[in-house]
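Q: Input query.pdb, format and content: PDB, C-alpha atoms.
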```
ATOM      1  CA  MET A   1       0.000   0.000   0.000
ATOM      2  CA  LYS A   2       2.813   2.396   0.895
ATOM      3  CA  LEU A   3       4.585   1.573  -2.384
ATOM      4  CA  LYS A   4       1.391   2.242  -4.340
ATOM      5  CA  PHE A   5       0.897   5.535  -2.497
ATOM      6  CA  SER A   6       4.486   6.620  -3.221
ATOM      7  CA  ARG A   7       4.232   5.655  -6.894
ATOM      8  CA  HIS A   8       1.034   7.639  -7.414
ATOM      9  CA  LEU A   9       2.387  10.605  -5.459
ATOM     10  CA  LEU A  10       5.529  10.677  -7.578
ATOM     11  CA  SER A  11       3.508  10.548 -10.798
ATOM     12  CA  VAL A  12       1.621  13.774  -9.985
ATOM     13  CA  MET A  13       4.629  15.743  -8.728
ATOM     14  CA  LYS A  14       6.152  15.926 -12.222
ATOM     15  CA  PRO A  15       9.576  14.405 -11.464
ATOM     16  CA  GLY A  16      10.820  15.096 -14.992
ATOM     17  CA  ILE A  17      10.333  18.840 -14.573
ATOM     18  CA  ALA A  18      11.859  18.678 -11.102
ATOM     19  CA  SER A  19      14.955  16.909 -12.457
ATOM     20  CA  ALA A  20      15.391  19.466 -15.250
ATOM     21  CA  SER A  21      14.943  22.315 -12.775
ATOM     22  CA  ALA A  22      17.559  20.801 -10.467
ATOM     23  CA  LEU A  23      20.051  20.530 -13.335
ATOM     24  CA  ALA A  24      19.325  24.131 -14.364
ATOM     25  CA  SER A  25      19.873  25.224 -10.768
ATOM     26  CA  LEU A  26      23.168  23.328 -10.673
ATOM     27  CA  ALA A  27      24.232  25.071 -13.877
ATOM     28  CA  GLY A  28      23.362  28.432 -12.330
ATOM     29  CA  MET A  29      25.408  27.655  -9.234
ATOM     30  CA  SER A  30      28.339  26.600 -11.392
ATOM     31  CA  MET A  31      28.263  29.841 -13.365
ATOM     32  CA  ALA A  32      28.070  32.026 -10.270
ATOM     33  CA  GLY A  33      30.937  30.274  -8.512
ATOM     34  CA  ARG A  34      33.065  29.490 -11.581
ATOM     35  CA  GLY A  35      32.768  25.895 -10.425
ATOM     36  CA  LEU A  36      30.594  24.000  -7.994
ATOM     37  CA  PRO A  37      30.185  25.398  -4.472
ATOM     38  CA  SER A  38      30.389  23.191  -1.375
ATOM     39  CA  ALA A  39      28.476  19.927  -1.373
ATOM     40  CA  GLY A  40      26.318  21.223   1.471
ATOM     41  CA  ARG A  41      25.286  24.325  -0.453
ATOM     42  CA  VAL A  42      24.532  22.260  -3.563
ATOM     43  CA  LEU A  43      22.423  19.723  -1.643
ATOM     44  CA  LEU A  44      20.509  22.399   0.250
ATOM     45  CA  THR A  45      19.756  24.454  -2.865
ATOM     46  CA  LEU A  46      18.712  21.480  -4.982
ATOM     47  CA  SER A  47      16.482  20.196  -2.186
ATOM     48  CA  CYS A  48      14.678  23.553  -2.019
ATOM     49  CA  ILE A  49      14.281  23.721  -5.790
ATOM     50  CA  ILE A  50      12.988  20.160  -6.076
ATOM     51  CA  ALA A  51      10.544  20.611  -3.182
ATOM     52  CA  ALA A  52       9.132  23.817  -4.691
ATOM     53  CA  VAL A  53       8.820  22.331  -8.180
ATOM     54  CA  CYS A  54       7.172  19.136  -6.935
ATOM     55  CA  GLY A  55       4.789  21.096  -4.717
ATOM     56  CA  SER A  56       3.862  23.460  -7.544
ATOM     57  CA  GLY A  57       3.460  20.568  -9.955
ATOM     58  CA  LEU A  58       1.080  18.862  -7.547
ATOM     59  CA  VAL A  59      -0.996  22.048  -7.227
ATOM     60  CA  ASN A  60      -1.084  22.320 -11.027
ATOM     61  CA  VAL A  61      -2.436  18.781 -11.311
ATOM     62  CA  LEU A  62      -5.032  19.449  -8.607
ATOM     63  CA  LEU A  63      -6.264  22.601 -10.344
ATOM     64  CA  GLU A  64      -6.404  20.923 -13.765
ATOM     65  CA  ARG A  65      -7.829  17.540 -12.765
ATOM     66  CA  LYS A  66     -11.089  18.140 -14.672
ATOM     67  CA  THR A  67      -9.381  19.106 -17.921
ATOM     68  CA  ASP A  68      -6.752  16.373 -17.500
ATOM     69  CA  ALA A  69      -9.598  13.853 -17.555
ATOM     70  CA  LEU A  70     -10.366  14.989 -21.112
ATOM     71  CA  MET A  71      -6.812  14.354 -22.315
ATOM     72  CA  PRO A  72      -5.775  10.679 -22.651
ATOM     73  CA  ARG A  73      -2.090  11.624 -22.351
ATOM     74  CA  VAL A  74      -2.518  12.799 -18.748
ATOM     75  CA  ALA A  75      -5.790  11.140 -17.708
ATOM     76  CA  HIS A  76      -3.889   8.851 -15.322
ATOM     77  CA  ARG A  77      -3.242  11.832 -13.040
ATOM     78  CA  GLY A  78      -6.868  11.859 -11.903
ATOM     79  CA  LEU A  79      -6.609   8.239 -10.781
ATOM     80  CA  ALA A  80      -3.454   9.030  -8.835
ATOM     81  CA  LEU A  81      -5.176  11.967  -7.124
ATOM     82  CA  ASP A  82      -8.126   9.777  -6.142
ATOM     83  CA  VAL A  83      -5.841   7.140  -4.657
ATOM     84  CA  LEU A  84      -3.992   9.733  -2.614
ATOM     85  CA  GLY A  85      -7.009  11.804  -1.625
ATOM     86  CA  VAL A  86      -7.444  15.418  -2.706
ATOM     87  CA  ARG A  87      -7.141  16.789   0.842
ATOM     88  CA  THR A  88      -3.911  14.855   1.354
ATOM     89  CA  ASP A  89      -2.593  16.168  -1.956
ATOM     90  CA  TRP A  90      -3.176  19.782  -0.918
ATOM     91  CA  VAL A  91      -1.463  19.237   2.433
ATOM     92  CA  ILE A  92       1.576  17.616   0.802
ATOM     93  CA  ALA A  93       1.825  20.387  -1.801
ATOM     94  CA  ALA A  94       1.615  23.101   0.871
ATOM     95  CA  MET A  95       4.243  21.386   3.003
ATOM     96  CA  LEU A  96       6.655  21.034   0.088
ATOM     97  CA  VAL A  97       6.373  24.667  -0.990
ATOM     98  CA  ALA A  98       6.433  26.026   2.569
ATOM     99  CA  SER A  99       9.481  23.970   3.549
ATOM    100  CA  SER A 100      11.298  25.148   0.421
ATOM    101  CA  LEU A 101      10.627  28.810   1.200
ATOM    102  CA  ILE A 102      11.459  28.556   4.902
ATOM    103  CA  VAL A 103      14.667  26.574   4.455
ATOM    104  CA  SER A 104      15.928  28.783   1.617
ATOM    105  CA  TRP A 105      15.135  31.945   3.606
ATOM    106  CA  LEU A 106      16.879  30.730   6.765
ATOM    107  CA  PHE A 107      19.804  28.737   5.406
ATOM    108  CA  ILE A 108      20.613  30.033   1.887
ATOM    109  CA  ASN A 109      19.606  33.666   1.395
ATOM    110  CA  ARG A 110      16.529  35.824   0.939
ATOM    111  CA  THR A 111      17.122  36.333  -2.785
ATOM    112  CA  VAL A 112      16.815  32.601  -3.416
ATOM    113  CA  SER A 113      13.666  32.402  -1.311
ATOM    114  CA  LEU A 114      12.085  35.321  -3.180
ATOM    115  CA  ILE A 115      12.948  33.809  -6.567
ATOM    116  CA  ILE A 116      11.405  30.476  -5.551
ATOM    117  CA  ALA A 117       8.296  32.253  -4.248
ATOM    118  CA  SER A 118       8.011  34.183  -7.526
ATOM    119  CA  ALA A 119       8.304  30.979  -9.541
ATOM    120  CA  VAL A 120       5.563  29.295  -7.507
ATOM    121  CA  VAL A 121       3.157  32.230  -7.817
ATOM    122  CA  LEU A 122       3.819  32.726 -11.528
ATOM    123  CA  TYR A 123       3.338  29.037 -12.299
ATOM    124  CA  VAL A 124       0.345  28.297 -10.094
ATOM    125  CA  VAL A 125      -1.577  31.562 -10.331
ATOM    126  CA  PHE A 126      -0.675  33.377 -13.532
ATOM    127  CA  TYR A 127       0.103  30.415 -15.784
ATOM    128  CA  THR A 128      -2.180  27.628 -14.532
ATOM    129  CA  LEU A 129      -5.221  29.719 -13.630
ATOM    130  CA  TYR A 130      -5.059  32.356 -16.358
ATOM    131  CA  LEU A 131      -2.475  32.258 -19.157
ATOM    132  CA  LYS A 132      -2.836  28.598 -20.131
ATOM    133  CA  LYS A 133      -6.622  28.920 -20.309
ATOM    134  CA  ASN A 134      -6.818  32.205 -22.173
ATOM    135  CA  SER A 135      -3.878  32.809 -24.510
ATOM    136  CA  PRO A 136      -2.049  30.875 -27.231
ATOM    137  CA  PHE A 137       1.040  32.776 -26.134
ATOM    138  CA  GLY A 138       0.670  31.750 -22.505
ATOM    139  CA  THR A 139       3.738  29.545 -22.701
ATOM    140  CA  VAL A 140       5.959  32.534 -23.487
ATOM    141  CA  LEU A 141       5.297  34.199 -20.139
ATOM    142  CA  GLY A 142       4.637  30.792 -18.625
ATOM    143  CA  ALA A 143       8.247  29.875 -19.381
ATOM    144  CA  VAL A 144       9.482  32.390 -16.801
ATOM    145  CA  PRO A 145       8.832  30.187 -13.742
ATOM    146  CA  GLY A 146      10.411  27.286 -15.610
ATOM    147  CA  ALA A 147      13.595  29.297 -16.068
ATOM    148  CA  LEU A 148      13.767  30.782 -12.569
ATOM    149  CA  PRO A 149      15.439  27.703 -10.974
ATOM    150  CA  ALA A 150      18.611  28.577 -12.900
ATOM    151  CA  LEU A 151      18.507  32.074 -11.457
ATOM    152  CA  ALA A 152      17.811  30.687  -7.987
ATOM    153  CA  GLY A 153      20.863  28.473  -8.305
ATOM    154  CA  TYR A 154      22.968  31.435  -9.360
ATOM    155  CA  ALA A 155      21.658  33.526  -6.451
ATOM    156  CA  ALA A 156      22.504  30.736  -4.002
ATOM    157  CA  VAL A 157      26.166  31.532  -4.709
ATOM    158  CA  ASP A 158      25.908  35.185  -5.752
ATOM    159  CA  PRO A 159      22.730  37.006  -4.636
ATOM    160  CA  LYS A 160      23.494  39.841  -7.067
ATOM    161  CA  THR A 161      22.662  37.529 -10.023
ATOM    162  CA  GLY A 162      25.203  38.601 -12.653
ATOM    163  CA  PRO A 163      24.728  38.773 -16.442
ATOM    164  CA  GLY A 164      25.793  35.171 -16.986
ATOM    165  CA  GLY A 165      22.889  34.015 -14.858
ATOM    166  CA  TRP A 166      20.457  36.192 -16.792
ATOM    167  CA  ILE A 167      21.688  34.831 -20.129
ATOM    168  CA  LEU A 168      21.192  31.289 -18.863
ATOM    169  CA  PHE A 169      17.722  32.317 -17.665
ATOM    170  CA  THR A 170      16.935  33.598 -21.175
ATOM    171  CA  VAL A 171      18.246  30.405 -22.779
ATOM    172  CA  LEU A 172      15.812  28.372 -20.692
ATOM    173  CA  ILE A 173      12.886  30.624 -21.595
ATOM    174  CA  VAL A 174      13.635  30.276 -25.307
ATOM    175  CA  TRP A 175      14.250  26.505 -25.034
ATOM    176  CA  GLN A 176      10.814  25.935 -23.514
ATOM    177  CA  GLN A 177       9.083  27.315 -26.606
ATOM    178  CA  PRO A 178      10.003  24.646 -29.205
ATOM    179  CA  HIS A 179       9.833  22.046 -26.428
ATOM    180  CA  PHE A 180       6.184  22.827 -25.698
ATOM    181  CA  LEU A 181       5.142  23.692 -29.253
ATOM    182  CA  ALA A 182       6.258  20.243 -30.393
ATOM    183  CA  LEU A 183       4.047  18.729 -27.701
ATOM    184  CA  ALA A 184       1.141  21.001 -28.651
ATOM    185  CA  LEU A 185       1.445  19.990 -32.304
ATOM    186  CA  LYS A 186       1.480  16.296 -31.465
ATOM    187  CA  TYR A 187      -1.499  16.504 -29.092
ATOM    188  CA  ARG A 188      -3.389  19.342 -30.753
ATOM    189  CA  ASP A 189      -6.742  17.534 -30.674
ATOM    190  CA  GLU A 190      -6.419  16.683 -26.981
ATOM    191  CA  TYR A 191      -5.695  20.291 -26.072
ATOM    192  CA  ALA A 192      -8.642  21.400 -28.191
ATOM    193  CA  SER A 193     -11.022  18.940 -26.518
ATOM    194  CA  ALA A 194      -9.893  20.152 -23.096
ATOM    195  CA  GLY A 195     -10.477  23.784 -24.074
ATOM    196  CA  PHE A 196      -6.872  24.968 -23.988
ATOM    197  CA  PRO A 197      -6.194  27.604 -26.689
ATOM    198  CA  VAL A 198      -2.651  26.432 -27.420
ATOM    199  CA  MET A 199      -0.978  27.872 -30.478
ATOM    200  CA  PRO A 200      -1.896  25.083 -32.963
ATOM    201  CA  VAL A 201      -5.541  25.339 -31.870
ATOM    202  CA  ARG A 202      -5.854  29.132 -31.929
ATOM    203  CA  MET A 203      -3.240  30.204 -34.522
ATOM    204  CA  GLY A 204      -3.069  27.145 -36.743
ATOM    205  CA  GLU A 205      -0.411  24.508 -37.344
ATOM    206  CA  LYS A 206       1.472  26.447 -40.043
ATOM    207  CA  TYR A 207       2.013  29.419 -37.721
ATOM    208  CA  THR A 208       3.022  27.076 -34.911
ATOM    209  CA  ARG A 209       5.570  25.208 -37.027
ATOM    210  CA  ALA A 210       7.123  28.506 -38.094
ATOM    211  CA  SER A 211       7.301  29.629 -34.461
ATOM    212  CA  LEU A 212       8.904  26.354 -33.401
ATOM    213  CA  LEU A 213      11.610  26.763 -36.029
ATOM    214  CA  MET A 214      12.176  30.407 -35.104
ATOM    215  CA  TYR A 215      12.758  29.608 -31.439
ATOM    216  CA  ALA A 216      14.933  26.589 -32.253
ATOM    217  CA  SER A 217      17.057  28.815 -34.504
ATOM    218  CA  ALA A 218      17.399  31.479 -31.819
ATOM    219  CA  LEU A 219      18.806  28.962 -29.344
ATOM    220  CA  LEU A 220      22.040  28.405 -31.245
ATOM    221  CA  PRO A 221      23.432  31.983 -31.177
ATOM    222  CA  LEU A 222      22.007  32.549 -27.700
ATOM    223  CA  THR A 223      23.805  29.579 -26.184
ATOM    224  CA  LEU A 224      27.011  30.364 -28.068
ATOM    225  CA  SER A 225      26.949  33.878 -26.605
ATOM    226  CA  LEU A 226      27.902  32.380 -23.232
ATOM    227  CA  ALA A 227      31.229  31.317 -24.728
ATOM    228  CA  TRP A 228      31.702  34.426 -26.880
ATOM    229  CA  LEU A 229      31.093  36.740 -23.930
ATOM    230  CA  GLY A 230      33.613  34.860 -21.836
ATOM    231  CA  PHE A 231      31.316  33.212 -19.305
ATOM    232  CA  CYS A 232      32.289  29.774 -20.614
ATOM    233  CA  THR A 233      35.216  28.304 -22.532
ATOM    234  CA  THR A 234      35.550  26.457 -25.827
ATOM    235  CA  ILE A 235      34.460  23.233 -24.120
ATOM    236  CA  PHE A 236      30.958  24.573 -23.683
ATOM    237  CA  GLY A 237      31.056  26.425 -27.000
ATOM    238  CA  LEU A 238      31.735  23.238 -28.952
ATOM    239  CA  ALA A 239      29.077  21.292 -27.045
ATOM    240  CA  ALA A 240      26.529  24.087 -27.562
ATOM    241  CA  PHE A 241      27.313  24.307 -31.271
ATOM    242  CA  ALA A 242      27.152  20.558 -31.880
ATOM    243  CA  SER A 243      24.007  19.889 -29.854
ATOM    244  CA  GLY A 244      22.291  23.074 -31.027
ATOM    245  CA  THR A 245      22.997  22.309 -34.684
ATOM    246  CA  LEU A 246      21.629  18.777 -34.356
ATOM    247  CA  PHE A 247      18.528  20.005 -32.551
ATOM    248  CA  LEU A 248      17.939  22.647 -35.221
ATOM    249  CA  ALA A 249      18.369  20.049 -37.978
ATOM    250  CA  PHE A 250      15.785  17.751 -36.391
ATOM    251  CA  ALA A 251      13.411  20.688 -35.836
ATOM    252  CA  TRP A 252      13.795  21.811 -39.449
ATOM    253  CA  SER A 253      13.101  18.284 -40.704
ATOM    254  CA  SER A 254       9.938  17.955 -38.598
ATOM    255  CA  VAL A 255       8.644  21.367 -39.615
ATOM    256  CA  ILE A 256       9.202  20.710 -43.330
ATOM    257  CA  LYS A 257       7.731  17.192 -43.220
ATOM    258  CA  ASN A 258       5.005  18.196 -40.735
ATOM    259  CA  ARG A 259       5.553  15.088 -38.618
ATOM    260  CA  GLY A 260       7.784  13.686 -35.923
ATOM    261  CA  PHE A 261       6.878  16.284 -33.297
ATOM    262  CA  GLY A 262       6.900  13.697 -30.524
ATOM    263  CA  LYS A 263      10.495  12.946 -31.474
ATOM    264  CA  ILE A 264      11.357  16.662 -31.363
ATOM    265  CA  PHE A 265       9.859  16.883 -27.875
ATOM    266  CA  ALA A 266      12.075  14.006 -26.696
ATOM    267  CA  ILE A 267      15.153  15.354 -28.487
ATOM    268  CA  SER A 268      14.645  18.775 -26.900
ATOM    269  CA  ILE A 269      14.985  17.158 -23.461
ATOM    270  CA  ILE A 270      18.216  15.412 -24.467
ATOM    271  CA  TYR A 271      19.468  18.690 -25.902
ATOM    272  CA  LEU A 272      18.799  20.535 -22.649
ATOM    273  CA  VAL A 273      20.521  17.868 -20.549
ATOM    274  CA  VAL A 274      23.593  17.932 -22.807
ATOM    275  CA  LEU A 275      23.682  21.732 -22.773
ATOM    276  CA  LEU A 276      23.398  22.106 -18.995
ATOM    277  CA  ALA A 277      25.757  19.218 -18.250
ATOM    278  CA  ALA A 278      28.329  20.729 -20.615
ATOM    279  CA  LEU A 279      28.004  24.055 -18.806
ATOM    280  CA  VAL A 280      28.583  22.447 -15.396
ATOM    281  CA  ILE A 281      31.591  20.487 -16.702
ATOM    282  CA  ASP A 282      32.973  23.596 -18.368
ATOM    283  CA  GLN A 283      32.718  25.646 -15.183
ATOM    284  CA  LYS A 284      34.164  22.838 -13.078
ATOM    285  CA  PHE A 285      37.109  21.849 -15.293
ATOM    286  CA  GLY A 286      37.386  24.111 -18.341
ATOM    287  CA  LEU A 287      37.970  27.349 -16.438
ATOM    288  CA  LYS A 288      40.905  25.927 -14.489
ATOM    289  CA  ASN A 289      43.146  26.573 -17.461
ATOM    290  CA  HIS A 290      41.698  30.012 -18.203
ATOM    291  CA  ASN A 291      41.754  33.315 -16.378
ATOM    292  CA  LEU A 292      38.320  34.415 -17.505
ATOM    293  CA  THR A 293      36.518  36.766 -15.175
ATOM    294  CA  GLY A 294      33.937  38.185 -17.558
ATOM    295  CA  PRO A 295      33.271  39.178 -21.163
ATOM    296  CA  PRO A 296      36.388  39.706 -23.354
ATOM    297  CA  PHE A 297      35.651  43.393 -23.870
ATOM    298  CA  LEU A 298      35.733  43.929 -20.091
ATOM    299  CA  LEU A 299      39.045  42.181 -19.562
ATOM    300  CA  ASN A 300      42.349  43.985 -19.298
TER     301      ASN A 300
END
```
Re-express the file's structure as structure tokens.

A:
Amino acid sequence: MKLKFSRHLLSVMKPGIASASALASLAGMSMAGRGLPSAGRVLLTLSCIIAAVCGSGLVNVLLERKTDALMPRVAHRGLALDVLGVRTDWVIAAMLVASSLIVSWLFINRTVSLIIASAVVLYVVFYTLYLKKNSPFGTVLGAVPGALPALAGYAAVDPKTGPGGWILFTVLIVWQQPHFLALALKYRDEYASAGFPVMPVRMGEKYTRASLLMYASALLPLTLSLAWLGFCTTIFGLAAFASGTLFLAFAWSSVIKNRGFGKIFAISIIYLVVLLAALVIDQKFGLKNHNLTGPPFLLN
């Protein structure tokens, strides 16, 4: 019974998003400290990020349980909620978010706690309750809370959140667009039946495919700017170029052929993992042989 409870609980806390957020936070910490901070700081920060993301994800599922029932892709979430009990779900979600905010405020710094609080409010209130239900462009602003874990990670080391952290934040906002648009194209009919005005439903598939390609194209120069501006070395630059080029090629192929959007969704996740892992490795090992302290045009 306990195993069944744990399995259902995990399924509605969106562990995939939590894992990606933790990796983004780790990348932010690496950039701020030009390498990883102490193991204690890393563990504490990642625990706060994961707790907040899981708590917010659970609230999202609770608020959308009626529309989820209309979408076969996520209909299993309703069963999980029933097994757990809606009241129990709300208590768990509140405890996760509250513990994240309290621990980050007391043991990391107030900037991190405020960023986490902002991410929770933006995701639960503005995105879930309003943007997703009313605008085909809701995912643009809705990407902000998804990118804030990187900034929270940066602030855990440097509360002033330097330009490198903001560039990484922007990369994550842009990455979320082709990632979600691919999903929206694949499950267009499900979103339509649930009443969500996602871009393929409201603006049409041709417009959506063009938008997907535009965002995928923007990722390549944006990620490379981290190396060009001196925040990363050639190690990251080469990884960003190779992975970004492959992702763009797959996106272009899907857009032209008007198929394979499920594959693009999966590839976008691999691309993000490669990109963030390369950034962490670059900051940990690549900078040891370089004296970079900022953009080339600011160096003496």

Q: Need to verify the contact set: Ser193 in chain A, 8 Å, only C-alpha atoms, exclusion of same-chain residues closer than 4 positions in sequence. Can you return it as a list in words?

A: Leu70, Met71 and Asp189 of chain A

Q: Store the residues picked out above, limited to C-alpha atoms, as a PDB file, in the frame of the given file.

A:
```pdb
ATOM      1  CA  LEU A  70     -10.366  14.989 -21.112  1.00  0.00           C
ATOM      2  CA  MET A  71      -6.812  14.354 -22.315  1.00  0.00           C
ATOM      3  CA  ASP A 189      -6.742  17.534 -30.674  1.00  0.00           C
TER       4      ASP A 189
END
```

Q: Looking at A:Leu23, A:Leu44, A:Met13, A:Leu212, which one is nearest to Ile264 in chain A, with distances taken over only C-alpha atoms?

A: A:Leu212

Q: Could you spell out the hits of the PyMOL selection byres ((chain A and resi 272-287) around 8) on the shown file, as an NGL selection string?

A: :A and (20 or 23-24 or 26-27 or 30-31 or 34-36 or 175 or 232-233 or 235-236 or 239-240 or 243 or 268-271 or 288-292)

Q: Record the distance separating CA of Tyr130 in chain A and CA of Gln176 in chain A, expressed in Å with one decimal.

A: 18.6 Å

Q: Written as a VMD selection string, what is the full residue list that the PyMOL selection byres ((chain A and resi 152) around 7) yields on the file shown?

A: chain A and resid 25 112 115 to 116 148 to 151 153 to 156

Q: Using all atoms listed in the file, find each residue in range 3-35 of chain A having at least one atom no more than 8 Å away from range 47-56 of chain A; report its shortest atom-to-atom pair and that distance in Å (one decimal), rows by chain then rising number, as JSON lines.

A:
```
{"residue": "A:Met13", "atom": "CA", "partner": "A:Cys54", "partner_atom": "CA", "distance": 4.6}
{"residue": "A:Lys14", "atom": "CA", "partner": "A:Cys54", "partner_atom": "CA", "distance": 6.3}
{"residue": "A:Pro15", "atom": "CA", "partner": "A:Cys54", "partner_atom": "CA", "distance": 7.0}
{"residue": "A:Ile17", "atom": "CA", "partner": "A:Val53", "partner_atom": "CA", "distance": 7.4}
{"residue": "A:Ala18", "atom": "CA", "partner": "A:Ile50", "partner_atom": "CA", "distance": 5.4}
{"residue": "A:Ser19", "atom": "CA", "partner": "A:Ile50", "partner_atom": "CA", "distance": 7.4}
{"residue": "A:Ser21", "atom": "CA", "partner": "A:Ile49", "partner_atom": "CA", "distance": 7.2}
{"residue": "A:Ala22", "atom": "CA", "partner": "A:Ile50", "partner_atom": "CA", "distance": 6.4}
{"residue": "A:Ser25", "atom": "CA", "partner": "A:Ile49", "partner_atom": "CA", "distance": 7.6}
```

Q: Using CA of Phe261 in chain A and CA of Ala143 in chain A as the two end points, give the distance in Å to one decimal.

A: 19.5 Å

Q: Would you list the contacts of Ala251 in chain A as a list in words, taking every protein, DNA or RNA residue within 10 Å and counting only C-alpha atoms, but skipping same-chain residues closer than 3 positions in sequence?

A: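 Once the adjacent positions are removed, what remains is Pro178, Ala182, Arg209, Leu212, Leu213, Met214, Tyr215, Ala216, Ser217, Thr245, Leu246, Phe247, Leu248, Ser254, Val255, Ile256, Lys257, Gly260, Phe261, Lys263, Ile264, Phe265, Ile267 and Ser268 of chain A.
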
Q: Provide range 96-123 of chain A of the preceding structure as a file containing C-alpha atoms, as a compact mmCIF listing (two decimals), in the first residue's frame.

A:
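Result went into out_1.txt, see below:
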```txt
# COMPACT_ATOMS: atom_id res chain seq x y z
CA LEU A 96 6.65 21.03 0.09
CA VAL A 97 6.37 24.67 -0.99
CA ALA A 98 6.43 26.03 2.57
CA SER A 99 9.48 23.97 3.55
CA SER A 100 11.30 25.15 0.42
CA LEU A 101 10.63 28.81 1.20
CA ILE A 102 11.46 28.56 4.90
CA VAL A 103 14.67 26.57 4.45
CA SER A 104 15.93 28.78 1.62
CA TRP A 105 15.14 31.95 3.61
CA LEU A 106 16.88 30.73 6.76
CA PHE A 107 19.80 28.74 5.41
CA ILE A 108 20.61 30.03 1.89
CA ASN A 109 19.61 33.67 1.39
CA ARG A 110 16.53 35.82 0.94
CA THR A 111 17.12 36.33 -2.78
CA VAL A 112 16.81 32.60 -3.42
CA SER A 113 13.67 32.40 -1.31
CA LEU A 114 12.08 35.32 -3.18
CA ILE A 115 12.95 33.81 -6.57
CA ILE A 116 11.40 30.48 -5.55
CA ALA A 117 8.30 32.25 -4.25
CA SER A 118 8.01 34.18 -7.53
CA ALA A 119 8.30 30.98 -9.54
CA VAL A 120 5.56 29.29 -7.51
CA VAL A 121 3.16 32.23 -7.82
CA LEU A 122 3.82 32.73 -11.53
CA TYR A 123 3.34 29.04 -12.30
```
